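Enquirer: For reference, this is target_9.txt, and it has compact mmCIF, C-alpha atoms.
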```
# COMPACT_ATOMS: atom_id res chain seq x y z
CA MET A 1 -56.10 58.74 -14.73
CA PRO A 2 -55.10 56.33 -11.97
CA LYS A 3 -51.83 54.48 -12.35
CA VAL A 4 -52.25 50.88 -13.38
CA VAL A 5 -50.31 48.53 -11.14
CA LYS A 6 -49.24 45.40 -12.89
CA ALA A 7 -50.21 42.34 -10.87
CA GLU A 8 -47.50 39.87 -9.97
CA SER A 9 -47.81 36.82 -12.17
CA PRO A 10 -48.90 33.53 -10.57
CA LEU A 11 -45.76 31.92 -12.05
CA LYS A 12 -43.44 34.29 -10.16
CA ARG A 13 -45.29 33.73 -6.90
CA THR A 14 -45.10 30.00 -7.43
CA GLN A 15 -41.37 30.14 -8.10
CA ALA A 16 -40.83 32.20 -4.94
CA ASP A 17 -42.91 29.72 -2.94
CA ARG A 18 -40.92 26.82 -4.35
CA ARG A 19 -37.63 28.50 -3.46
CA GLN A 20 -38.83 29.14 0.08
CA MET A 21 -40.03 25.55 0.45
CA SER A 22 -36.72 24.22 -0.85
CA ARG A 23 -34.74 26.42 1.52
CA GLN A 24 -36.90 25.31 4.44
CA ALA A 25 -36.46 21.66 3.46
CA VAL A 26 -32.67 22.11 3.46
CA LEU A 27 -32.78 23.71 6.92
CA LEU A 28 -34.96 20.95 8.36
CA SER A 29 -32.69 18.24 6.96
CA ALA A 30 -29.62 20.08 8.23
CA CYS A 31 -31.14 20.34 11.73
CA LYS A 32 -31.90 16.64 11.68
CA LEU A 33 -28.53 15.41 10.38
CA PHE A 34 -26.31 17.85 12.28
CA GLY A 35 -28.17 16.75 15.40
CA GLU A 36 -27.89 13.03 14.69
CA LYS A 37 -24.37 12.82 13.25
CA GLY A 38 -22.66 16.03 14.33
CA TYR A 39 -21.20 18.74 12.14
CA ALA A 40 -17.98 16.91 11.22
CA ASN A 41 -19.77 13.73 10.13
CA THR A 42 -22.46 15.44 8.04
CA SER A 43 -21.79 16.44 4.45
CA LEU A 44 -23.80 18.72 2.20
CA GLU A 45 -24.36 15.66 0.00
CA ASP A 46 -26.00 13.89 2.97
CA ILE A 47 -28.30 16.86 3.50
CA ALA A 48 -29.17 17.09 -0.21
CA ILE A 49 -30.11 13.41 -0.32
CA ASP A 50 -32.17 13.67 2.87
CA CYS A 51 -34.27 16.58 1.60
CA GLY A 52 -34.57 15.24 -1.96
CA LEU A 53 -32.61 18.00 -3.69
CA THR A 54 -29.33 18.29 -5.51
CA ILE A 55 -26.42 20.00 -3.80
CA THR A 56 -26.65 23.03 -6.12
CA PRO A 57 -29.61 24.71 -4.33
CA ILE A 58 -27.81 24.35 -1.00
CA TYR A 59 -24.84 26.30 -2.30
CA HIS A 60 -27.23 28.82 -3.83
CA TYR A 61 -29.18 29.42 -0.62
CA PHE A 62 -26.39 29.17 1.95
CA GLY A 63 -23.02 29.34 0.21
CA ASN A 64 -21.21 26.64 2.17
CA LYS A 65 -21.55 24.14 5.01
CA LYS A 66 -20.49 26.56 7.75
CA ALA A 67 -23.01 29.17 6.62
CA LEU A 68 -25.74 26.52 6.59
CA PHE A 69 -24.76 25.51 10.12
CA ALA A 70 -24.96 29.17 11.19
CA ALA A 71 -28.51 29.30 9.80
CA VAL A 72 -29.37 26.19 11.80
CA ILE A 73 -27.95 27.80 14.94
CA SER A 74 -30.10 30.88 14.33
CA LEU A 75 -33.17 28.62 14.28
CA MET A 76 -32.05 26.95 17.50
CA GLU A 77 -31.47 30.30 19.18
CA GLU A 78 -34.96 31.41 18.19
CA ARG A 79 -36.29 28.17 19.67
CA ILE A 80 -34.45 28.82 22.94
CA VAL A 81 -35.67 32.40 23.31
CA ASN A 82 -39.27 31.39 22.49
CA SER A 83 -39.18 28.55 25.02
CA MET A 84 -37.82 30.91 27.68
CA ASP A 85 -40.67 33.35 27.11
CA GLU A 86 -43.22 30.53 27.22
CA GLY A 87 -41.68 29.22 30.44
CA VAL A 88 -42.19 32.56 32.16
CA ALA A 89 -45.79 32.86 30.94
CA VAL A 90 -46.82 29.31 31.85
CA ASN A 91 -44.98 28.72 35.13
CA LYS A 92 -45.48 32.16 36.71
CA MET A 93 -42.05 31.95 38.34
CA PRO A 94 -39.07 34.33 38.43
CA GLU A 95 -37.66 34.90 34.94
CA ALA A 96 -34.22 33.46 35.63
CA ILE A 97 -35.57 30.18 36.98
CA ALA A 98 -38.15 29.86 34.22
CA HIS A 99 -35.48 30.48 31.58
CA TRP A 100 -33.19 27.94 33.20
CA ARG A 101 -35.86 25.23 33.27
CA ALA A 102 -36.91 25.96 29.70
CA PHE A 103 -33.29 25.67 28.56
CA LEU A 104 -32.90 22.33 30.37
CA ASP A 105 -36.09 21.03 28.77
CA LEU A 106 -34.64 21.75 25.32
CA CYS A 107 -31.35 20.14 26.27
CA GLU A 108 -33.11 16.84 26.83
CA ASP A 109 -33.16 16.59 23.03
CA PRO A 110 -29.84 14.90 22.01
CA GLY A 111 -29.85 16.66 18.63
CA PHE A 112 -30.27 20.05 20.26
CA ARG A 113 -27.38 19.34 22.65
CA GLN A 114 -25.13 18.23 19.81
CA ILE A 115 -25.78 21.31 17.71
CA VAL A 116 -25.97 24.04 20.36
CA LEU A 117 -23.66 22.85 23.14
CA VAL A 118 -21.12 20.63 21.41
CA ASP A 119 -20.65 21.81 17.83
CA SER A 120 -21.63 25.48 17.90
CA PRO A 121 -18.79 26.78 20.11
CA ALA A 122 -16.22 24.79 18.12
CA ILE A 123 -17.51 25.66 14.64
CA LEU A 124 -18.72 29.23 15.04
CA GLY A 125 -16.55 30.32 17.95
CA ARG A 126 -17.27 31.72 21.38
CA ASP A 127 -17.80 35.24 20.05
CA ARG A 128 -21.04 34.29 18.32
CA TRP A 129 -22.40 32.65 21.46
CA ALA A 130 -21.45 35.72 23.50
CA ASP A 131 -23.48 37.93 21.13
CA SER A 132 -26.34 35.50 20.50
CA ALA A 133 -29.99 36.25 21.17
CA VAL A 134 -29.92 33.65 23.94
CA THR A 135 -27.03 35.23 25.80
CA GLN A 136 -28.54 38.67 25.38
CA ALA A 137 -31.80 37.39 26.88
CA ALA A 138 -29.91 35.94 29.85
CA LYS A 139 -27.88 39.09 30.39
CA ALA A 140 -31.03 41.17 30.26
CA LEU A 141 -32.03 39.53 33.54
CA VAL A 142 -29.11 41.04 35.40
CA VAL A 143 -27.54 43.83 33.33
CA ASP A 144 -28.83 47.35 33.79
CA LYS A 145 -27.36 49.24 30.81
CA SER A 146 -28.58 52.56 32.18
CA HIS A 147 -26.55 52.18 35.36
CA LYS A 148 -24.08 55.05 35.65
CA ASN A 149 -21.57 53.08 37.67
CA THR A 150 -19.27 51.59 35.00
CA ARG A 151 -17.68 49.15 37.40
CA ARG A 152 -21.09 47.85 38.42
CA ARG A 153 -22.16 47.45 34.77
CA TYR A 154 -19.03 45.39 34.06
CA ARG A 155 -19.81 43.29 37.10
CA GLN A 156 -23.34 42.69 35.81
CA GLU A 157 -22.03 41.83 32.34
CA LEU A 158 -19.62 39.33 33.82
CA TYR A 159 -22.37 37.85 35.95
CA GLY A 160 -24.56 37.36 32.87
CA ARG A 161 -21.78 35.50 31.06
CA ILE A 162 -21.09 33.33 34.10
CA ILE A 163 -24.78 32.42 34.25
CA MET A 164 -24.78 31.29 30.61
CA ALA A 165 -21.61 29.27 31.16
CA ALA A 166 -23.20 27.66 34.21
CA PHE A 167 -26.36 26.82 32.23
CA THR A 168 -24.32 25.22 29.46
CA GLU A 169 -22.02 23.17 31.68
CA ALA A 170 -24.89 21.99 33.86
CA ALA A 171 -26.89 20.94 30.78
CA LEU A 172 -23.94 18.93 29.48
CA MET A 173 -23.40 17.26 32.85
CA ILE A 174 -27.08 16.36 33.11
CA ALA A 175 -26.99 14.89 29.59
CA GLU A 176 -23.94 12.74 30.41
CA ALA A 177 -25.07 11.60 33.88
CA GLU A 178 -26.20 8.05 34.65
CA ASP A 179 -29.04 9.48 36.72
CA ALA A 180 -30.00 12.56 34.73
CA ARG A 181 -33.10 13.21 36.83
CA ALA A 182 -31.12 13.39 40.09
CA VAL A 183 -28.44 15.64 38.58
CA ARG A 184 -31.05 17.98 37.13
CA LYS A 185 -32.75 18.23 40.51
CA GLU A 186 -29.47 19.21 42.17
CA ALA A 187 -28.65 21.66 39.39
CA GLU A 188 -32.01 23.36 39.79
CA LYS A 189 -31.43 23.72 43.53
CA LEU A 190 -28.02 25.30 42.96
CA ILE A 191 -29.31 27.73 40.36
CA MET A 192 -32.21 28.76 42.59
CA GLU A 193 -29.81 29.36 45.47
CA LEU A 194 -27.54 31.37 43.21
CA PHE A 195 -30.33 33.66 42.04
CA SER A 196 -31.84 34.06 45.49
CA SER A 197 -28.57 35.07 47.12
CA HIS A 198 -26.64 37.04 44.49
CA ASP A 199 -25.84 40.70 44.96
CA ILE A 200 -24.70 42.50 41.83
```
Translate the structure described by the file into structure tokens.

Expert:
Amino acid sequence: MPKVVKAESPLKRTQADRRQMSRQAVLLSACKLFGEKGYANTSLEDIAIDCGLTITPIYHYFGNKKALFAAVISLMEERIVNSMDEGVAVNKMPEAIAHWRAFLDLCEDPGFRQIVLVDSPAILGRDRWADSAVTQAAKALVVDKSHKNTRRRYRQELYGRIIMAAFTEAALMIAEAEDARAVRKEAEKLIMELFSSHDI
């Protein structure tokens, strides 16, 4: 006789859906407020009010403010990596340049700059950025992990980190410039020269 599998009750599915929707609402509100006000000036109470929940579910889903911020950063990192991939597919240009331009496009969003470039290094530390999906994607452009020459691999690793630092500092300078368009144009020229002339 075949085994009877008990169907999941509609109530349980509905509760799971509600939990997922609530968690997503918290994340969206956190992205919005961390971007507008910065990490230090945003409280969990602010986020709860913005998404129409009490503070209890936020603690339940994320534990504390720093953990919620880390979840927001994970979303931002996913956004960066996806935009980089799209940039390569659409623009049909070398990966490094396409990634660079995609990153700059995202950095035109003040909220994105505040969360990723300003608050993230200070709140989560440099170690997380060094191991992030974004940095790994950038390093993949230049690091050949199969290379048997250890010294050359270290050189490639260092080069990848320098590239990410250059991207970040250039994005901040563009954001703060009086003539952002002119600064971005110069930054793009420098990056293109760097990638066309490097020997690692």

Enquirer: Using only C-alpha atoms, pick whichever of A:Leu75, A:Leu44, A:Val183, A:Leu53 has the shortest atom-to-atom distance to Met21 in chain A.

Expert: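 Closest residue, counting only C-alpha atoms: A:Leu53.
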
Enquirer: So how far away is CA of Ile80 in chain A from CA of Asp179 in chain A, in Å?

Expert: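 One can read the CA of Asp179 in chain A to CA of Ile80 in chain A distance as 24.4 Å.
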
Enquirer: For a test of reading the model, state the distance in Å between CA of Lys185 in chain A and CA of Phe112 in chain A, rounded to one decimal.

Expert: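 Straight-line distance from CA of Lys185 in chain A to CA of Phe112 in chain A works out to 20.5 Å.
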
Enquirer: Which one is closest to Leu68 in chain A: A:Ala166, A:Leu106, A:Leu27, A:Ile55? Count only C-alpha atoms.

Expert: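 Selected residue with least distance to Leu68 in chain A: A:Leu27.
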
Enquirer: Using all atoms listed in the file, which residues sit within 9 Å of Val26 in chain A once same-chain residues fewer than 5 positions away are excluded, as an MDAnalysis selection string?

Expert: chainID A and resid 21 31 47:48 50:53 57:58 68

Enquirer: By how many Å are CA of Ala102 in chain A and CA of Arg79 in chain A apart?

Expert: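 Straight-line distance from CA of Ala102 in chain A to CA of Arg79 in chain A works out to 10.3 Å.
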